[in-house]
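With mmCIF, C-alpha atoms and all ligand atoms inside, this is model-v5.cif:
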data_my_file
#
loop_
_atom_site.label_atom_id
_atom_site.label_comp_id
_atom_site.auth_asym_id
_atom_site.auth_seq_id
_atom_site.Cartn_x
_atom_site.Cartn_y
_atom_site.Cartn_z
CA MET A 1 96.47 250.98 114.21
CA GLN A 2 99.32 253.37 113.45
CA PHE A 3 102.82 252.29 114.44
CA TYR A 4 105.54 254.79 115.32
CA PHE A 5 109.24 254.01 115.73
CA ALA A 6 110.30 255.59 119.04
CA PRO A 7 113.26 257.97 119.05
CA MET A 8 116.27 256.24 120.62
CA GLU A 9 119.36 258.41 120.86
CA GLY A 10 122.47 256.40 119.96
CA VAL A 11 120.41 253.67 118.27
CA THR A 12 117.85 254.93 115.73
CA GLY A 13 119.96 257.58 113.99
CA SER A 14 119.47 258.53 110.35
CA LEU A 15 121.51 255.64 108.95
CA TYR A 16 119.55 253.12 111.02
CA ARG A 17 116.21 254.64 110.03
CA ARG A 18 117.08 254.59 106.34
CA ILE A 19 118.10 250.93 106.33
CA HIS A 20 115.14 249.94 108.50
CA ALA A 21 112.72 251.71 106.16
CA GLN A 22 114.27 249.92 103.18
CA CYS A 23 114.31 246.45 104.78
CA PHE A 24 110.99 246.73 106.66
CA PRO A 25 108.83 249.29 104.88
CA GLY A 26 105.48 250.34 106.29
CA MET A 27 106.17 252.22 109.54
CA ASP A 28 103.78 255.14 109.90
CA ARG A 29 106.39 257.42 111.47
CA TYR A 30 109.95 257.46 112.71
CA PHE A 31 110.71 259.97 115.48
CA ILE A 32 114.18 261.48 115.20
CA PRO A 33 116.06 261.20 118.53
CA PHE A 34 116.16 264.53 120.30
CA LEU A 35 117.81 267.56 118.73
CA GLU A 36 119.02 270.17 121.19
CA PRO A 37 118.73 273.73 119.88
CA ARG A 38 121.65 275.83 121.11
CA GLU A 39 122.69 279.46 121.31
CA GLY A 40 123.95 280.82 117.99
CA LYS A 41 123.89 278.23 115.21
CA CYS A 42 120.94 276.38 116.75
CA PHE A 43 121.85 272.83 115.64
CA ASP A 44 125.34 271.33 115.90
CA GLY A 45 126.80 269.13 113.15
CA HIS A 46 125.24 265.91 114.45
CA ASP A 47 121.79 267.44 114.84
CA LYS A 48 122.02 269.09 111.40
CA ARG A 49 122.75 265.72 109.80
CA GLU A 50 119.92 264.04 111.68
CA CYS A 51 117.30 266.44 110.35
CA ASP A 52 118.85 266.95 106.91
CA PRO A 53 116.02 266.22 104.44
CA GLU A 54 118.50 264.34 102.23
CA GLU A 55 119.27 261.92 105.07
CA ASN A 56 115.55 261.32 105.57
CA ARG A 57 114.37 261.29 101.98
CA GLY A 58 111.22 259.20 101.46
CA ILE A 59 110.95 258.35 105.18
CA PRO A 60 108.06 259.67 107.31
CA VAL A 61 110.07 261.34 110.08
CA VAL A 62 109.08 263.67 112.90
CA PRO A 63 111.87 265.70 114.53
CA GLN A 64 111.97 266.10 118.30
CA LEU A 65 113.35 269.02 120.30
CA LEU A 66 114.80 268.86 123.80
CA THR A 67 114.93 272.23 125.54
CA ASN A 68 113.43 274.17 128.44
CA ARG A 69 113.67 277.52 126.63
CA ALA A 70 110.85 278.80 124.48
CA ASP A 71 113.19 280.96 122.36
CA ARG A 72 115.38 277.96 121.54
CA PHE A 73 112.38 275.77 120.80
CA LEU A 74 110.95 278.41 118.47
CA GLU A 75 114.27 278.90 116.68
CA GLY A 76 114.61 275.11 116.27
CA ALA A 77 111.03 274.86 115.00
CA ARG A 78 111.66 277.71 112.52
CA ARG A 79 114.71 275.93 111.13
CA LEU A 80 112.77 272.68 110.85
CA ALA A 81 109.91 274.48 109.09
CA ASP A 82 112.45 275.96 106.63
CA LEU A 83 113.70 272.43 105.94
CA GLY A 84 110.17 271.39 105.02
CA TYR A 85 109.03 269.57 108.17
CA GLY A 86 105.32 269.67 108.96
CA GLU A 87 105.40 268.97 112.70
CA VAL A 88 107.70 269.01 115.70
CA ASN A 89 107.68 267.00 118.92
CA LEU A 90 108.64 268.32 122.37
CA ASN A 91 110.54 265.92 124.62
CA LEU A 92 109.10 265.94 128.15
CA GLY A 93 110.13 262.37 128.89
CA CYS A 94 113.91 261.95 128.94
CA PRO A 95 114.91 260.69 132.42
CA ALA A 96 118.71 260.85 131.98
CA ARG A 97 120.41 262.60 134.92
CA THR A 98 122.41 264.93 132.72
CA VAL A 99 119.17 266.09 131.06
CA VAL A 100 116.95 266.23 134.15
CA THR A 101 119.46 268.20 136.23
CA ARG A 102 119.43 270.87 133.52
CA GLY A 103 115.63 271.09 133.85
CA LYS A 104 114.98 269.50 130.46
CA GLY A 105 113.07 266.41 129.31
CA SER A 106 111.14 264.90 132.21
CA GLY A 107 112.94 267.44 134.45
CA LEU A 108 110.31 269.93 133.24
CA LEU A 109 107.52 267.84 134.79
CA ALA A 110 108.77 268.83 138.26
CA ASP A 111 107.84 272.49 137.86
CA LEU A 112 104.34 272.97 136.46
CA PRO A 113 104.35 276.80 136.47
CA ALA A 114 107.62 276.78 134.46
CA LEU A 115 106.19 274.15 132.11
CA GLU A 116 103.04 276.22 131.68
CA ALA A 117 105.05 279.34 130.81
CA LEU A 118 107.06 277.31 128.27
CA LEU A 119 103.96 275.79 126.66
CA ASP A 120 102.14 279.15 126.58
CA GLU A 121 104.91 280.64 124.51
CA ILE A 122 105.52 277.62 122.33
CA PHE A 123 101.87 277.17 121.41
CA ALA A 124 101.34 280.90 120.84
CA ARG A 125 104.28 281.24 118.45
CA SER A 126 105.40 277.93 117.00
CA PRO A 127 105.60 277.98 113.21
CA LEU A 128 104.86 274.24 113.23
CA PRO A 129 102.16 272.12 114.85
CA VAL A 130 103.50 270.61 118.08
CA SER A 131 103.08 267.17 119.67
CA ILE A 132 104.33 266.22 123.13
CA LYS A 133 106.03 263.05 124.37
CA THR A 134 105.63 262.83 128.13
CA ARG A 135 105.90 260.59 131.17
CA LEU A 136 103.25 260.30 133.88
CA GLY A 137 105.20 262.42 136.33
CA VAL A 138 108.46 262.61 138.23
CA ASP A 139 108.03 260.53 141.39
CA SER A 140 104.44 259.40 141.41
CA GLU A 141 101.77 258.58 138.87
CA SER A 142 99.35 260.70 140.93
CA GLU A 143 101.02 263.69 139.22
CA PHE A 144 99.55 262.71 135.87
CA SER A 145 96.09 264.24 136.31
CA ASN A 146 97.55 267.73 136.88
CA LEU A 147 99.82 267.31 133.89
CA LEU A 148 96.90 266.26 131.75
CA ALA A 149 94.85 269.25 132.89
CA LEU A 150 97.72 271.45 131.73
CA TYR A 151 98.22 269.71 128.38
CA ARG A 152 94.49 269.94 127.67
CA ARG A 153 94.77 273.71 127.43
CA TYR A 154 96.86 273.47 124.28
CA PRO A 155 96.13 272.37 120.70
CA LEU A 156 98.63 269.49 120.54
CA THR A 157 98.65 267.41 117.36
CA GLU A 158 98.93 264.40 119.65
CA LEU A 159 100.06 263.36 123.11
CA ILE A 160 102.49 260.45 123.28
CA VAL A 161 102.65 258.90 126.74
CA HIS A 162 105.43 256.67 128.01
CA ALA A 163 103.53 255.07 130.87
CA ARG A 164 106.23 255.42 133.51
CA VAL A 165 107.39 258.16 135.85
CA GLN A 166 110.86 259.66 135.71
CA ARG A 167 111.96 257.68 138.77
CA ASP A 168 111.19 254.40 136.91
CA GLN A 169 113.76 255.20 134.22
CA TYR A 170 112.98 252.41 131.71
CA VAL A 171 112.34 249.52 134.10
CA GLY A 172 109.56 248.04 136.19
CA THR A 173 105.99 247.40 135.22
CA VAL A 174 104.43 250.02 132.98
CA ARG A 175 101.59 251.92 134.64
CA ARG A 176 98.86 251.28 132.11
CA GLU A 177 95.89 252.03 134.36
CA THR A 178 97.20 255.55 134.93
CA PHE A 179 97.81 255.92 131.19
CA ARG A 180 94.04 255.30 130.83
CA LEU A 181 93.40 258.76 132.34
CA ALA A 182 94.80 260.33 129.18
CA LEU A 183 92.02 258.78 127.12
CA ASP A 184 89.01 260.16 128.99
CA GLY A 185 87.74 263.09 126.95
CA ALA A 186 91.12 263.70 125.32
CA PRO A 187 90.82 266.64 122.88
CA TRP A 188 93.62 265.22 120.70
CA PRO A 189 94.82 261.75 119.67
CA VAL A 190 96.74 259.83 122.33
CA CYS A 191 99.58 257.48 121.47
CA TYR A 192 100.71 254.78 123.91
CA ASN A 193 104.37 253.93 124.50
CA GLY A 194 106.06 251.41 126.79
CA ASP A 195 107.10 247.76 126.77
CA LEU A 196 105.30 246.58 123.64
CA ARG A 197 108.06 244.11 122.91
CA SER A 198 106.44 241.27 120.99
CA PRO A 199 103.47 240.51 118.73
CA ALA A 200 101.68 238.93 121.71
CA ALA A 201 102.28 242.00 123.91
CA CYS A 202 100.98 244.30 121.17
CA ARG A 203 97.86 242.20 120.64
CA ALA A 204 97.17 242.05 124.38
CA PHE A 205 97.49 245.84 124.54
CA GLN A 206 95.07 246.27 121.65
CA GLY A 207 92.60 244.01 123.47
CA ASP A 208 92.86 246.07 126.67
CA PHE A 209 92.81 249.47 124.96
CA PRO A 210 90.72 249.09 121.78
CA GLN A 211 90.19 252.87 121.57
CA VAL A 212 93.94 253.58 121.19
CA GLU A 213 94.82 253.91 117.53
CA ARG A 214 98.51 254.84 117.76
CA VAL A 215 101.33 253.05 119.50
CA MET A 216 105.02 253.90 119.65
CA LEU A 217 107.49 251.02 119.78
CA GLY A 218 111.11 251.35 120.90
CA ARG A 219 113.25 248.57 122.32
CA GLY A 220 110.92 245.79 121.14
CA LEU A 221 111.13 247.07 117.58
CA VAL A 222 114.90 247.46 117.70
CA ALA A 223 115.12 243.88 118.98
CA ASN A 224 112.74 242.60 116.32
CA PRO A 225 112.87 244.99 113.35
CA GLY A 226 110.09 243.00 111.64
CA LEU A 227 107.65 243.36 114.54
CA VAL A 228 105.27 245.77 112.81
CA ARG A 229 105.30 243.76 109.59
CA GLU A 230 104.33 240.67 111.59
CA LEU A 231 101.51 242.53 113.32
CA ARG A 232 100.19 243.76 109.99
CA THR A 233 100.60 240.66 107.85
CA GLY A 234 101.25 237.75 110.22
CA GLN A 235 104.65 237.20 108.56
CA PRO A 236 107.31 236.87 111.28
CA LEU A 237 110.90 238.02 111.04
CA THR A 238 113.22 235.36 109.66
CA ARG A 239 116.84 234.72 110.49
CA GLU A 240 117.77 235.56 106.88
CA GLU A 241 116.03 238.92 107.09
CA LEU A 242 117.77 239.81 110.33
CA ARG A 243 121.07 238.73 108.80
CA THR A 244 120.51 240.95 105.75
CA PHE A 245 119.50 243.87 107.97
CA HIS A 246 122.60 243.34 110.12
CA ASP A 247 124.90 243.08 107.12
CA ARG A 248 123.56 246.26 105.53
CA LEU A 249 123.90 248.24 108.75
CA TYR A 250 127.38 246.87 109.33
CA ALA A 251 128.48 247.71 105.79
CA GLU A 252 127.11 251.25 106.03
CA TYR A 253 128.63 251.94 109.45
CA ARG A 254 131.97 250.71 108.13
CA ALA A 255 131.70 253.02 105.14
CA LEU A 256 130.75 255.98 107.35
CA LEU A 257 132.96 255.60 110.41
CA SER A 258 136.70 255.27 110.74
CA GLY A 259 138.24 252.50 112.84
CA ASP A 260 136.87 249.15 114.01
CA ARG A 261 136.20 250.54 117.46
CA ASN A 262 133.55 253.06 116.39
CA VAL A 263 131.81 250.62 114.10
CA LEU A 264 131.77 247.86 116.71
CA CYS A 265 130.45 250.27 119.30
CA TRP A 266 127.32 250.92 117.18
CA MET A 267 126.87 247.25 116.35
CA LYS A 268 127.24 246.18 119.99
CA GLU A 269 124.52 248.63 120.95
CA LEU A 270 122.21 246.91 118.46
CA TRP A 271 123.18 243.44 119.63
CA PHE A 272 122.14 244.42 123.15
CA TYR A 273 118.58 244.25 121.74
CA TRP A 274 118.90 241.63 118.98
CA ILE A 275 120.36 239.06 121.34
CA CYS A 276 116.98 238.80 123.09
CA LEU A 277 115.77 236.96 119.97
CA PHE A 278 118.36 234.23 120.46
CA PRO A 279 117.60 232.30 123.64
CA GLY A 280 120.58 230.44 125.05
CA SER A 281 123.11 232.55 123.16
CA GLU A 282 125.01 233.83 126.24
CA LYS A 283 128.41 232.53 125.13
CA ALA A 284 128.18 233.88 121.62
CA TYR A 285 126.94 237.23 122.93
CA LYS A 286 129.89 237.46 125.29
CA ALA A 287 132.17 237.04 122.30
CA ILE A 288 130.42 239.93 120.53
CA ARG A 289 130.73 242.17 123.58
CA LYS A 290 134.42 241.35 123.96
CA ALA A 291 135.30 241.77 120.28
CA GLN A 292 137.78 244.60 119.67
CA ARG A 293 138.62 243.73 116.09
CA LYS A 294 136.43 243.36 113.05
CA SER A 295 137.49 239.76 112.50
CA ASP A 296 136.54 238.69 116.07
CA TYR A 297 133.22 240.43 115.74
CA GLU A 298 132.41 238.83 112.40
CA GLU A 299 133.29 235.38 113.72
CA ALA A 300 131.01 235.82 116.75
CA VAL A 301 128.13 237.06 114.57
CA GLU A 302 128.57 234.11 112.26
CA ARG A 303 128.37 231.79 115.25
CA ILE A 304 125.11 233.30 116.46
CA PHE A 305 123.40 233.18 113.09
CA GLU A 306 124.62 229.65 112.41
CA THR A 307 124.01 228.00 115.74
CA CYS A 308 121.37 229.86 117.76
CA PRO A 309 117.65 229.46 117.06
CA LEU A 310 115.69 232.69 116.57
CA SER A 311 112.53 233.40 118.56
CA VAL A 312 110.34 236.45 117.87
CA GLU A 313 109.08 236.52 121.45
CA PRO A 314 112.12 238.26 122.90
CA GLY A 315 113.35 237.78 126.42
CA TYR A 316 114.29 240.80 128.52
CA TRP A 317 117.20 243.09 127.74
CA ARG A 318 120.32 241.95 129.61
C1 LIG B 401 118.88 254.15 124.40
C2 LIG B 401 117.61 254.94 124.44
C3 LIG B 401 117.57 256.21 123.85
C4 LIG B 401 116.38 256.96 123.88
N1 LIG B 401 116.35 258.21 123.28
C5 LIG B 401 115.19 258.94 123.30
C6 LIG B 401 115.09 260.21 122.64
O1 LIG B 401 116.01 260.70 122.00
N2 LIG B 401 113.89 260.86 122.73
C7 LIG B 401 112.81 260.35 123.42
O2 LIG B 401 111.75 260.97 123.46
N3 LIG B 401 112.89 259.14 124.01
C8 LIG B 401 114.03 258.44 123.96
N4 LIG B 401 114.07 257.19 124.53
C9 LIG B 401 112.82 256.61 125.06
C10 LIG B 401 112.10 255.79 123.96
O3 LIG B 401 111.68 256.64 122.93
C11 LIG B 401 110.87 255.05 124.54
O4 LIG B 401 110.02 256.02 125.13
C12 LIG B 401 111.28 254.04 125.61
O5 LIG B 401 112.30 253.20 125.14
C13 LIG B 401 110.06 253.21 126.04
O6 LIG B 401 109.50 252.52 124.94
P1 LIG B 401 109.81 250.95 124.69
O7 LIG B 401 109.43 250.22 125.95
O8 LIG B 401 108.95 250.60 123.51
O9 LIG B 401 111.26 250.84 124.43
C14 LIG B 401 115.23 256.44 124.52
C15 LIG B 401 115.29 255.16 125.11
C16 LIG B 401 116.44 254.42 125.07
C17 LIG B 401 116.45 253.05 125.72
#
For this file, write the structure as structure tokens.
Amino acid sequence: MQFYFAPMEGVTGSLYRRIHAQCFPGMDRYFIPFLEPREGKCFDGHDKRECDPEENRGIPVVPQLLTNRADRFLEGARRLADLGYGEVNLNLGCPARTVVTRGKGSGLLADLPALEALLDEIFARSPLPVSIKTRLGVDSESEFSNLLALYRRYPLTELIVHARVQRDQYVGTVRRETFRLALDGAPWPVCYNGDLRSPAACRAFQGDFPQVERVMLGRGLVANPGLVRELRTGQPLTREELRTFHDRLYAEYRALLSGDRNVLCWMKELWFYWICLFPGSEKAYKAIRKAQRKSDYEEAVERIFETCPLSVEPGYWR
């Protein structure tokens, strides 16, 4: 089985990926959260940093582009090829309102002729091999068969499927039986994504879909950064490892960002996921969320690591 780290904008940026790869080596791929090619300079400062080869040295990363314009995709892909990348991923899954209303991400799934025109041009002219990350449709999973018929006309390197429709956002039961359609006679490898949050969930998935050889993990892997190591070796994440991972991220964010507020903002985003590993930690988590100063934050973190037991079968995100 190959394990991919899902792109998560605002969570799995270059600093996070670097520290994760050092603390928990062995991921097959990390997908860079979407880069949005723009008029003129193509990538803004943030996007340039994210795909800077120096920032990703020694880490198997795949950049992802979010656009509904073939010319912008092709310009982005050319720049990525110049930087030495060997593949690019097209985002057809993002359900955020601000993205969808601009006809990007999963917004593109609503207009198949427009999507076809985009893919025709991309696949005719891309300087890099292209993979796609998609949802099953916009409103209904019955849309998936038409989408698949369209994708099958192109030489994708792989199709990554988040088994939900746009309307689901990130909640509700994943639609695994509809995902199955992607596997019948697929001309390219298919990667599954959605709600693989624990070793038990991953093993159950492998039992139900033995023919799937690639899975992409997002929130479950952010919550338990040692999840893939446990699946591969049986060695579960320890409290000490999570503490070390936390401390390294915290130190690096402090070195990079100015002001407690910015640093705490990043760390609170991570705690939203990590806290699932600490059942019964509501009070301590509240203290983290409320912390405005470094000292309050550090005290609350200390309390969690010292007093709350860690479980690698995470509960749901709060
Ligand atoms: C905060 C957040 C940011 C995300 N950013 C991206 C992104 O940049 N590109 C993308 O294709 N998907 C993005 N996703 C979707 C994830 O890659 C993944 O498909 C989703 O979380 C479902 O997988 P999971 O259940 O394993 O978390 C994001 C999801 C979350 C929650």
Practice task
Considering only C-alpha atoms and all ligand atoms, state which residue in the set A:Ser311, A:Asn68, A:Ser198, A:Asn146 is at the smallest distance from ligand LIG 401 (chain B).
Solution key: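 So, comparing all the options, the nearest one is A:Ser198.
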Practice task
With all atoms listed in the file counted, which protein, DNA or RNA residues have an atom no more than 10 Å from (116.5, 250.8, 115.3) in the file frame? Please answer as a PyMOL selection string.
Solution key: chain A and resi 5-21+30+218-225+270+273
Quick one: write out the picked residues with C-alpha atoms as a CSV table (one decimal), keeping the file's coordinate frame?
chain,number,residue,atom,x,y,z
A,5,PHE,CA,109.2,254.0,115.7
A,6,ALA,CA,110.3,255.6,119.0
A,7,PRO,CA,113.3,258.0,119.0
A,8,MET,CA,116.3,256.2,120.6
A,9,GLU,CA,119.4,258.4,120.9
A,10,GLY,CA,122.5,256.4,120.0
A,11,VAL,CA,120.4,253.7,118.3
A,12,THR,CA,117.8,254.9,115.7
A,13,GLY,CA,120.0,257.6,114.0
A,14,SER,CA,119.5,258.5,110.4
A,15,LEU,CA,121.5,255.6,109.0
A,16,TYR,CA,119.6,253.1,111.0
A,17,ARG,CA,116.2,254.6,110.0
A,18,ARG,CA,117.1,254.6,106.3
A,19,ILE,CA,118.1,250.9,106.3
A,20,HIS,CA,115.1,249.9,108.5
A,21,ALA,CA,112.7,251.7,106.2
A,30,TYR,CA,110.0,257.5,112.7
A,218,GLY,CA,111.1,251.4,120.9
A,219,ARG,CA,113.2,248.6,122.3
A,220,GLY,CA,110.9,245.8,121.1
A,221,LEU,CA,111.1,247.1,117.6
A,222,VAL,CA,114.9,247.5,117.7
A,223,ALA,CA,115.1,243.9,119.0
A,224,ASN,CA,112.7,242.6,116.3
A,225,PRO,CA,112.9,245.0,113.4
A,270,LEU,CA,122.2,246.9,118.5
A,273,TYR,CA,118.6,244.2,121.7
Practice task
Compare A:Val161, A:Cys42, A:Met27, A:Ala291 by their minimum atom-to-atom distance to A:Leu90, counting only C-alpha atoms, and give me the closest one.
Solution key: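 Among the listed residues, A:Val161 lies closest to A:Leu90.
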Exercise for the section: Have a look at A:Asn56, A:Ser140, A:Thr173, A:Thr244 and name the one nearest to ligand LIG 401 (chain B); count only C-alpha atoms and all ligand atoms. Expected result: A:Thr173
Exercise for the section: Give the answer as one residue: which of A:Asp47, A:Glu55, A:Glu213, A:Asp120 has the shortest atom-to-atom distance to A:Arg79, using only C-alpha atoms? Expected result: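 That would be A:Asp47, the residue with the smallest distance to A:Arg79.
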